[in-house]
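Source file: entry_6.cif. Holds: mmCIF, C-alpha atoms.
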data_protein
#
loop_
_atom_site.group_PDB
_atom_site.id
_atom_site.type_symbol
_atom_site.label_atom_id
_atom_site.label_comp_id
_atom_site.auth_asym_id
_atom_site.auth_seq_id
_atom_site.Cartn_x
_atom_site.Cartn_y
_atom_site.Cartn_z
ATOM 1 C CA MET Y 1 69.007 -238.654 14.235
ATOM 2 C CA ALA Y 2 71.704 -239.848 11.891
ATOM 3 C CA SER Y 3 70.433 -241.144 8.581
ATOM 4 C CA ILE Y 4 71.765 -242.943 5.510
ATOM 5 C CA LEU Y 5 70.648 -241.994 2.030
ATOM 6 C CA ARG Y 6 71.170 -244.703 -0.597
ATOM 7 C CA VAL Y 7 71.238 -243.144 -4.049
ATOM 8 C CA ASN Y 8 73.048 -243.615 -7.365
ATOM 9 C CA THR Y 9 72.971 -240.074 -8.715
ATOM 10 C CA LEU Y 10 72.750 -236.567 -7.290
ATOM 11 C CA THR Y 11 71.086 -233.919 -9.438
ATOM 12 C CA ASP Y 12 70.108 -230.374 -8.641
ATOM 13 C CA ALA Y 13 66.425 -229.514 -8.401
ATOM 14 C CA SER Y 14 66.448 -228.254 -11.996
ATOM 15 C CA SER Y 15 67.739 -231.647 -13.180
ATOM 16 C CA ASN Y 16 71.121 -230.153 -14.079
ATOM 17 C CA ASN Y 17 74.610 -230.970 -12.850
ATOM 18 C CA SER Y 18 73.909 -234.664 -12.515
ATOM 19 C CA THR Y 19 76.694 -236.359 -10.570
ATOM 20 C CA PRO Y 20 77.001 -240.119 -10.038
ATOM 21 C CA MET Y 21 77.898 -241.114 -6.504
ATOM 22 C CA ALA Y 22 81.020 -242.800 -7.884
ATOM 23 C CA THR Y 23 82.212 -239.375 -9.021
ATOM 24 C CA VAL Y 24 81.437 -237.886 -5.626
ATOM 25 C CA SER Y 25 83.384 -240.642 -3.893
ATOM 26 C CA GLN Y 26 86.292 -240.831 -6.341
ATOM 27 C CA GLY Y 27 86.560 -237.074 -6.620
ATOM 28 C CA THR Y 28 86.600 -236.442 -2.899
ATOM 29 C CA ALA Y 29 90.040 -235.975 -1.376
ATOM 30 C CA LYS Y 30 90.676 -238.721 1.166
ATOM 31 C CA SER Y 31 93.287 -236.761 3.079
ATOM 32 C CA TRP Y 32 94.928 -233.348 3.133
ATOM 33 C CA VAL Y 33 97.411 -231.704 5.452
ATOM 34 C CA ASP Y 34 99.291 -228.469 6.038
ATOM 35 C CA LEU Y 35 102.516 -229.427 7.838
ATOM 36 C CA ASN Y 36 104.562 -226.744 9.579
ATOM 37 C CA GLY Y 37 108.058 -228.140 10.075
ATOM 38 C CA GLY Y 38 106.561 -231.621 10.257
ATOM 39 C CA THR Y 39 103.686 -230.744 12.613
ATOM 40 C CA ALA Y 40 100.160 -230.449 11.230
ATOM 41 C CA ASP Y 41 98.630 -226.970 11.437
ATOM 42 C CA ASP Y 42 95.430 -228.409 10.023
ATOM 43 C CA SER Y 43 94.490 -231.677 8.380
ATOM 44 C CA PHE Y 44 91.840 -234.176 7.367
ATOM 45 C CA ASN Y 45 92.178 -237.932 7.906
ATOM 46 C CA VAL Y 46 95.647 -237.605 9.402
ATOM 47 C CA GLY Y 47 96.412 -239.735 12.449
ATOM 48 C CA SER Y 48 99.932 -238.657 13.342
ATOM 49 C CA ASP Y 49 102.799 -236.698 11.866
ATOM 50 C CA THR Y 50 106.549 -237.171 12.207
ATOM 51 C CA ASP Y 51 109.504 -234.891 11.593
ATOM 52 C CA ASN Y 52 112.118 -237.297 10.190
ATOM 53 C CA GLY Y 53 114.773 -234.608 9.880
ATOM 54 C CA THR Y 54 115.401 -231.552 7.774
ATOM 55 C CA GLY Y 55 112.872 -231.361 4.935
ATOM 56 C CA ASN Y 56 111.647 -234.920 5.543
ATOM 57 C CA TYR Y 57 108.162 -235.460 6.988
ATOM 58 C CA SER Y 58 105.753 -238.367 7.332
ATOM 59 C CA PHE Y 59 102.128 -238.600 8.243
ATOM 60 C CA THR Y 60 99.738 -241.499 8.732
ATOM 61 C CA PHE Y 61 96.093 -241.820 7.773
ATOM 62 C CA THR Y 62 93.361 -242.274 10.360
ATOM 63 C CA THR Y 63 91.391 -244.337 7.847
ATOM 64 C CA ASN Y 64 93.789 -246.227 5.603
ATOM 65 C CA MET Y 65 93.732 -246.318 1.829
ATOM 66 C CA SER Y 66 92.775 -249.643 0.239
ATOM 67 C CA ASN Y 67 95.978 -249.794 -1.833
ATOM 68 C CA ALA Y 68 99.133 -247.774 -2.425
ATOM 69 C CA ASN Y 69 98.187 -246.732 -5.965
ATOM 70 C CA TYR Y 70 96.654 -243.460 -4.895
ATOM 71 C CA SER Y 71 97.546 -239.984 -6.129
ATOM 72 C CA VAL Y 72 99.430 -237.445 -4.035
ATOM 73 C CA SER Y 73 99.625 -233.821 -5.062
ATOM 74 C CA GLY Y 74 101.637 -231.349 -3.082
ATOM 75 C CA SER Y 75 103.057 -227.894 -2.844
ATOM 76 C CA ALA Y 76 105.947 -226.317 -1.051
ATOM 77 C CA GLY Y 77 104.451 -223.256 0.531
ATOM 78 C CA THR Y 78 106.052 -219.928 1.363
ATOM 79 C CA ASN Y 79 109.277 -220.892 -0.394
ATOM 80 C CA SER Y 80 108.820 -221.064 -4.122
ATOM 81 C CA ASN Y 81 112.317 -222.374 -4.789
ATOM 82 C CA VAL Y 82 111.678 -225.696 -3.078
ATOM 83 C CA MET Y 83 110.085 -228.789 -4.569
ATOM 84 C CA HIS Y 84 107.614 -231.198 -3.020
ATOM 85 C CA CYS Y 85 108.482 -234.881 -3.573
ATOM 86 C CA THR Y 86 106.575 -237.908 -2.353
ATOM 87 C CA THR Y 87 109.342 -240.343 -1.424
ATOM 88 C CA ALA Y 88 107.296 -243.173 0.086
ATOM 89 C CA LYS Y 89 103.647 -244.112 0.203
ATOM 90 C CA ALA Y 90 101.766 -246.971 1.764
ATOM 91 C CA THR Y 91 98.163 -247.701 2.605
ATOM 92 C CA THR Y 92 98.885 -246.295 6.075
ATOM 93 C CA GLY Y 93 100.554 -243.015 5.165
ATOM 94 C CA ILE Y 94 103.173 -241.148 3.153
ATOM 95 C CA THR Y 95 106.588 -239.527 3.429
ATOM 96 C CA VAL Y 96 107.444 -236.296 1.655
ATOM 97 C CA THR Y 97 110.739 -234.489 1.208
ATOM 98 C CA HIS Y 98 111.566 -230.964 0.139
ATOM 99 C CA ARG Y 99 114.740 -230.014 -1.691
ATOM 100 C CA ASP Y 100 115.900 -226.674 -3.015
ATOM 101 C CA TYR Y 101 117.519 -226.109 -6.406
ATOM 102 C CA GLN Y 102 120.879 -227.158 -4.953
ATOM 103 C CA ASN Y 103 119.404 -230.544 -3.978
ATOM 104 C CA THR Y 104 119.594 -229.639 -0.293
ATOM 105 C CA LEU Y 105 116.855 -230.844 2.040
ATOM 106 C CA THR Y 106 114.975 -227.820 3.355
ATOM 107 C CA ASP Y 107 112.461 -227.344 6.153
ATOM 108 C CA LEU Y 108 109.229 -225.557 5.296
ATOM 109 C CA VAL Y 109 106.622 -223.546 7.173
ATOM 110 C CA ASP Y 110 103.961 -224.990 4.863
ATOM 111 C CA SER Y 111 104.314 -228.478 3.405
ATOM 112 C CA MET Y 112 100.963 -229.213 1.815
ATOM 113 C CA SER Y 113 99.756 -232.573 0.510
ATOM 114 C CA THR Y 114 96.446 -233.885 -0.797
ATOM 115 C CA VAL Y 115 95.502 -237.520 -1.435
ATOM 116 C CA HIS Y 116 92.954 -238.859 -3.934
ATOM 117 C CA GLY Y 117 92.259 -242.549 -4.428
ATOM 118 C CA ASP Y 118 90.398 -245.471 -2.931
ATOM 119 C CA SER Y 119 89.815 -245.567 0.799
ATOM 120 C CA ALA Y 120 89.574 -248.916 2.531
ATOM 121 C CA MET T 1 67.331 -250.228 -8.727
ATOM 122 C CA ALA T 2 69.082 -247.089 -9.881
ATOM 123 C CA SER T 3 67.914 -243.951 -8.112
ATOM 124 C CA GLN T 4 68.352 -240.244 -8.586
ATOM 125 C CA LEU T 5 68.120 -237.596 -5.892
ATOM 126 C CA LYS T 6 67.173 -234.084 -7.027
ATOM 127 C CA VAL T 7 68.332 -231.515 -4.551
ATOM 128 C CA ASP T 8 70.010 -228.095 -4.500
ATOM 129 C CA THR T 9 71.726 -228.311 -1.140
ATOM 130 C CA LEU T 10 72.963 -231.200 0.954
ATOM 131 C CA THR T 11 73.071 -230.633 4.706
ATOM 132 C CA GLY T 12 74.027 -233.014 7.482
ATOM 133 C CA VAL T 13 71.349 -233.992 9.996
ATOM 134 C CA THR T 14 73.478 -234.270 13.150
ATOM 135 C CA THR T 15 75.919 -231.533 12.080
ATOM 136 C CA ALA T 16 74.992 -229.309 9.166
ATOM 137 C CA GLY T 17 78.515 -229.194 7.790
ATOM 138 C CA SER T 18 79.266 -232.900 8.074
ATOM 139 C CA ILE T 19 78.108 -235.537 5.608
ATOM 140 C CA VAL T 20 79.967 -238.799 5.101
ATOM 141 C CA VAL T 21 80.309 -240.871 1.947
ATOM 142 C CA THR T 22 81.001 -244.597 1.945
ATOM 143 C CA GLY T 23 84.514 -245.349 0.703
ATOM 144 C CA GLU T 24 85.334 -247.375 -2.395
ATOM 145 C CA GLY T 25 86.223 -250.395 -0.265
ATOM 146 C CA ASN T 26 82.710 -250.362 1.235
ATOM 147 C CA SER T 27 84.077 -250.637 4.778
ATOM 148 C CA THR T 28 84.834 -247.053 5.786
ATOM 149 C CA THR T 29 83.364 -243.596 5.367
ATOM 150 C CA THR T 30 84.985 -240.315 4.434
ATOM 151 C CA SER T 31 83.850 -236.740 4.976
ATOM 152 C CA LEU T 32 82.293 -235.180 1.895
ATOM 153 C CA GLN T 33 82.866 -231.590 3.011
ATOM 154 C CA GLN T 34 86.496 -232.135 4.014
ATOM 155 C CA GLY T 35 87.297 -233.847 0.748
ATOM 156 C CA LEU T 36 85.819 -231.243 -1.578
ATOM 157 C CA ALA T 37 88.080 -228.754 -3.291
ATOM 158 C CA LYS T 38 87.049 -225.322 -2.026
ATOM 159 C CA VAL T 39 88.870 -223.406 -4.780
ATOM 160 C CA TRP T 40 90.339 -224.289 -8.147
ATOM 161 C CA ALA T 41 91.543 -222.227 -11.055
ATOM 162 C CA ARG T 42 93.563 -222.219 -14.198
ATOM 163 C CA TYR T 43 95.082 -218.876 -15.032
ATOM 164 C CA GLU T 44 97.760 -217.554 -17.331
ATOM 165 C CA GLN T 45 100.378 -214.859 -16.942
ATOM 166 C CA ASP T 46 102.109 -215.352 -20.270
ATOM 167 C CA GLY T 47 100.894 -212.399 -22.339
ATOM 168 C CA THR T 48 97.718 -211.525 -20.511
ATOM 169 C CA ASN T 49 97.061 -211.984 -16.830
ATOM 170 C CA SER T 50 93.736 -213.774 -16.916
ATOM 171 C CA ILE T 51 91.673 -216.531 -15.341
ATOM 172 C CA LEU T 52 90.706 -219.158 -17.934
ATOM 173 C CA ASP T 53 88.345 -221.089 -15.657
ATOM 174 C CA SER T 54 87.810 -221.235 -11.938
ATOM 175 C CA PHE T 55 85.627 -222.047 -8.971
ATOM 176 C CA ASN T 56 85.235 -219.772 -5.930
ATOM 177 C CA VAL T 57 87.785 -217.285 -7.261
ATOM 178 C CA SER T 58 86.954 -213.579 -7.187
ATOM 179 C CA GLY T 59 90.039 -212.162 -8.830
ATOM 180 C CA LEU T 60 93.656 -212.439 -9.906
ATOM 181 C CA THR T 61 96.292 -209.789 -9.292
ATOM 182 C CA ASP T 62 99.500 -209.659 -11.313
ATOM 183 C CA GLU T 63 102.289 -209.046 -8.784
ATOM 184 C CA GLY T 64 105.233 -209.488 -11.176
ATOM 185 C CA ASN T 65 106.989 -212.190 -13.167
ATOM 186 C CA GLY T 66 105.405 -215.522 -12.235
ATOM 187 C CA ASP T 67 103.937 -213.811 -9.203
ATOM 188 C CA ALA T 68 100.168 -213.595 -8.707
ATOM 189 C CA THR T 69 97.642 -213.267 -5.908
ATOM 190 C CA VAL T 70 94.529 -215.436 -6.173
ATOM 191 C CA SER T 71 91.535 -213.940 -4.326
ATOM 192 C CA ILE T 72 88.951 -216.321 -2.851
ATOM 193 C CA ALA T 73 85.261 -215.402 -3.211
ATOM 194 C CA ASN T 74 83.955 -217.275 -0.146
ATOM 195 C CA ASP T 75 86.814 -217.127 2.330
ATOM 196 C CA MET T 76 88.437 -220.070 4.035
ATOM 197 C CA GLY T 77 87.802 -220.520 7.758
ATOM 198 C CA ASN T 78 91.461 -220.141 8.697
ATOM 199 C CA ILE T 79 94.895 -219.819 7.110
ATOM 200 C CA ASN T 80 95.896 -223.440 7.669
ATOM 201 C CA TYR T 81 94.429 -224.767 4.446
ATOM 202 C CA SER T 82 96.282 -226.834 1.875
ATOM 203 C CA PRO T 83 96.769 -225.148 -1.517
ATOM 204 C CA GLN T 84 98.144 -227.278 -4.360
ATOM 205 C CA VAL T 85 100.004 -225.467 -7.102
ATOM 206 C CA THR T 86 101.430 -226.688 -10.365
ATOM 207 C CA MET T 87 102.338 -225.160 -13.697
ATOM 208 C CA TRP T 88 102.762 -225.703 -17.432
ATOM 209 C CA TYR T 89 105.091 -223.955 -19.808
ATOM 210 C CA GLY T 90 102.682 -224.431 -22.691
ATOM 211 C CA SER T 91 104.245 -224.188 -26.140
ATOM 212 C CA ASP T 92 107.198 -222.158 -24.893
ATOM 213 C CA THR T 93 110.290 -224.327 -25.381
ATOM 214 C CA SER T 94 112.788 -221.527 -24.917
ATOM 215 C CA THR T 95 112.699 -221.597 -21.138
ATOM 216 C CA PRO T 96 114.709 -224.030 -19.019
ATOM 217 C CA LEU T 97 113.090 -227.398 -18.503
ATOM 218 C CA LEU T 98 112.968 -227.232 -14.745
ATOM 219 C CA GLY T 99 110.307 -225.054 -13.176
ATOM 220 C CA VAL T 100 109.245 -224.753 -9.569
ATOM 221 C CA CYS T 101 106.143 -223.230 -8.127
ATOM 222 C CA GLY T 102 104.539 -222.764 -4.762
ATOM 223 C CA LEU T 103 103.294 -220.121 -2.412
ATOM 224 C CA LYS T 104 105.481 -217.050 -2.617
ATOM 225 C CA ARG T 105 108.252 -216.883 -0.068
ATOM 226 C CA GLY T 106 107.476 -214.576 2.813
ATOM 227 C CA HIS T 107 103.766 -214.393 2.013
ATOM 228 C CA ALA T 108 101.729 -216.700 4.214
ATOM 229 C CA PRO T 109 98.289 -217.613 2.878
ATOM 230 C CA ALA T 110 95.352 -215.524 4.136
ATOM 231 C CA ALA T 111 91.752 -216.626 4.581
ATOM 232 C CA GLY T 112 90.746 -214.644 1.505
ATOM 233 C CA SER T 113 93.749 -215.035 -0.762
ATOM 234 C CA PHE T 114 97.076 -216.702 -1.427
ATOM 235 C CA ARG T 115 100.074 -215.658 -3.490
ATOM 236 C CA VAL T 116 101.741 -217.984 -5.987
ATOM 237 C CA GLN T 117 105.263 -217.764 -7.388
ATOM 238 C CA VAL T 118 106.410 -219.649 -10.484
ATOM 239 C CA SER T 119 110.131 -219.696 -11.207
ATOM 240 C CA THR T 120 112.451 -221.295 -13.670
ATOM 241 C CA THR T 121 115.670 -222.579 -12.274
ATOM 242 C CA LEU T 122 118.954 -223.890 -13.565
ATOM 243 C CA TRP T 123 120.801 -226.332 -11.362
ATOM 244 C CA ASN T 124 122.937 -224.381 -8.865
ATOM 245 C CA ASN T 125 122.046 -221.146 -10.586
ATOM 246 C CA GLY T 126 119.200 -219.712 -8.544
ATOM 247 C CA ALA T 127 115.665 -219.143 -9.675
ATOM 248 C CA VAL T 128 114.014 -216.458 -11.796
ATOM 249 C CA GLY T 129 110.327 -215.572 -11.773
ATOM 250 C CA ALA T 130 108.607 -216.625 -14.984
ATOM 251 C CA ASP T 131 105.222 -215.865 -16.534
ATOM 252 C CA VAL T 132 103.797 -219.111 -17.946
ATOM 253 C CA SER T 133 100.628 -219.990 -19.819
ATOM 254 C CA GLY T 134 99.380 -222.600 -17.366
ATOM 255 C CA ASN T 135 99.025 -222.043 -13.652
ATOM 256 C CA PHE T 136 96.851 -224.584 -11.838
ATOM 257 C CA VAL T 137 95.729 -224.202 -8.245
ATOM 258 C CA ALA T 138 93.359 -226.094 -5.950
ATOM 259 C CA VAL T 139 92.607 -225.538 -2.278
ATOM 260 C CA PHE T 140 91.510 -228.048 0.337
ATOM 261 C CA GLY T 141 90.598 -227.024 3.870
ATOM 262 C CA ASP T 142 87.826 -225.516 5.953
ATOM 263 C CA LEU T 143 85.427 -222.970 4.509
ATOM 264 C CA ALA T 144 84.385 -220.063 6.729
#
So that I can check it, write out the structure of this file as structure tokens.
Amino acid sequence: MASILRVNTLTDASSNNSTPMATVSQGTAKSWVDLNGGTADDSFNVGSDTDNGTGNYSFTFTTNMSNANYSVSGSAGTNSNVMHCTTAKATTGITVTHRDYQNTLTDLVDSMSTVHGDSA
Amino acid sequence: MASQLKVDTLTGVTTAGSIVVTGEGNSTTTSLQQGLAKVWARYEQDGTNSILDSFNVSGLTDEGNGDATVSIANDMGNINYSPQVTMWYGSDTSTPLLGVCGLKRGHAPAAGSFRVQVSTTLWNNGAVGADVSGNFVAVFGDLA
């Protein structure tokens, strides 16, 4: 049977490593994705993904963020000469682009993004 | 009333690996397990090749300039996880301002490791592998 535990603080049985629930919630990533050419190989809280063109991908959240002031961190995988840039973000999802050192949009096998912030 | 739960392990009732946490907006829930970083580390390659602090990392292998393999202690469940990589030059001001980092080209992540490449680059002048004092990695995805 599903159950709900209402608690302010989690602590291990030795009373160490005390963690407020606010830290658990704020520190938990609200979304992450590994996009392969714009298609998700694996993800969490991603509703749909779109290939907008070379090196330009978007994905939406299944559960939206409460505002657009969240934090996106990302990496360009398997091509270390390409940068990950978040070019648009909304409560419903984000757009990322990847450019090489010559400022040319570049497709990636692994475009990886993680979102931290407030969920709705 | 404030409350404190003392416990060593949290396990879901319906599904052992699935616990949800109420979101900040109080109207939705988010998965605790999916949102937890499964690996993080800070390591340096400038001078010595060493891990300064880490979680779920079993080793670091120096593969060359700016090139290192991070070994995961408890493996990921598949190779489709999401590593985040960033870097810091530290006090070195002699290197070009622009640095790029990511998973090394041609080396797909494995369940038990991933390979990071840090390079300095000059506009329109290619990229050169560079050992730096701050390499920061974090991994999100499914544990085995």
Using only C-alpha atoms, which chain Y residues lie at most 8 Å away from chain T, written as a PyMOL selection string?
chain Y and resi 1-3+7-15+25-34+41-44+63+66+73-83+101-102+112-114+118-120
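Applied to the file shown here, the PyMOL selection byres ((chain Y and resi 61) around 6) selects Asn45, Val46, Gly47, Thr60, Thr62, Thr63, Asn64, Thr92 and Gly93 of chain Y.
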For the selection just defined, write its residues with C-alpha atoms to a file, as a JSON list (two decimals), keeping the file's coordinate frame.
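Generated file (selection_1.json):
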[["chain", "number", "residue", "atom", "x", "y", "z"],
["Y", 45, "ASN", "CA", 92.18, -237.93, 7.91],
["Y", 46, "VAL", "CA", 95.65, -237.60, 9.40],
["Y", 47, "GLY", "CA", 96.41, -239.74, 12.45],
["Y", 60, "THR", "CA", 99.74, -241.50, 8.73],
["Y", 62, "THR", "CA", 93.36, -242.27, 10.36],
["Y", 63, "THR", "CA", 91.39, -244.34, 7.85],
["Y", 64, "ASN", "CA", 93.79, -246.23, 5.60],
["Y", 92, "THR", "CA", 98.88, -246.30, 6.08],
["Y", 93, "GLY", "CA", 100.55, -243.02, 5.16]]
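Compared by their closest atoms to Gly64 (chain T), and using all atoms listed in the file, the residues T:Met76, T:Leu52, T:Val132, T:Val39 rank with T:Val132 nearest.
With CA of Gly59 (chain T) on one side and CA of Gly134 (chain T) on the other, the separation reads 16.4 Å.
The coordinates place CA of Gly38 (chain Y) at 7.4 Å from CA of Ser58 (chain Y).
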Contacts of Thr97 (chain Y) at 7 Å or less, counting only C-alpha atoms, minus same-chain residues fewer than 2 places along, as a PyMOL selection string?
chain Y and resi 55-57+84-87+95+99
Among the residues T:Ala110, T:Ala144, T:Ala16, T:Ala68, the one that comes closest to Glu44 (chain T) [using only C-alpha atoms]:
T:Ala68
Here CA of Ser18 (chain T) and CA of Leu35 (chain Y) stand apart by 23.5 Å
Please put the answer as JSON: centre and edge lengths, in Å with one decimal, of a box along x, y and z that encloses all listed atoms of region 21-35 of chain T plus 3 Å on each side.
{"center_x": 83.8, "center_y": -241.1, "center_z": 1.7, "size_x": 13.0, "size_y": 25.0, "size_z": 14.2}
Residues near Asn56 (chain T), anyone? I mean within 7 Å using only C-alpha atoms, not counting same-chain ones fewer than 4 positions away, as a CSV table (one decimal) with C-alpha atoms, in the coordinates of the input.
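As a result, part-v9.csv now contains:
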chain,number,residue,atom,x,y,z
T,39,VAL,CA,88.9,-223.4,-4.8
T,72,ILE,CA,89.0,-216.3,-2.9
T,73,ALA,CA,85.3,-215.4,-3.2
T,74,ASN,CA,84.0,-217.3,-0.1
Residue members of the PyMOL selection byres ((chain T and resi 88) around 7) in the file shown, as a list in words
Met87, Tyr89, Gly90, Val132, Ser133, Gly134 and Asn135 of chain T
Could you turn the residues from that selection into a file that holds C-alpha atoms, as a PDB file, in the coordinates of the input?
ATOM      1  CA  MET T  87     102.338-225.160 -13.697  1.00  0.00           C
ATOM      2  CA  TYR T  89     105.091-223.955 -19.808  1.00  0.00           C
ATOM      3  CA  GLY T  90     102.682-224.431 -22.691  1.00  0.00           C
ATOM      4  CA  VAL T 132     103.797-219.111 -17.946  1.00  0.00           C
ATOM      5  CA  SER T 133     100.628-219.990 -19.819  1.00  0.00           C
ATOM      6  CA  GLY T 134      99.380-222.600 -17.366  1.00  0.00           C
ATOM      7  CA  ASN T 135      99.025-222.043 -13.652  1.00  0.00           C
TER       8      ASN T 135
END
Taking (96.4, -253.3, -3.7) in the file's coordinates, which residues come within 10 Å, counting all atoms listed in the file, written as a PyMOL selection string?
chain Y and resi 65-70+90-91+118
Create the file for the chosen residues now, containing C-alpha atoms and written as a CSV table (one decimal), in the coordinates of the input.
chain,number,residue,atom,x,y,z
Y,65,MET,CA,93.7,-246.3,1.8
Y,66,SER,CA,92.8,-249.6,0.2
Y,67,ASN,CA,96.0,-249.8,-1.8
Y,68,ALA,CA,99.1,-247.8,-2.4
Y,69,ASN,CA,98.2,-246.7,-6.0
Y,70,TYR,CA,96.7,-243.5,-4.9
Y,90,ALA,CA,101.8,-247.0,1.8
Y,91,THR,CA,98.2,-247.7,2.6
Y,118,ASP,CA,90.4,-245.5,-2.9
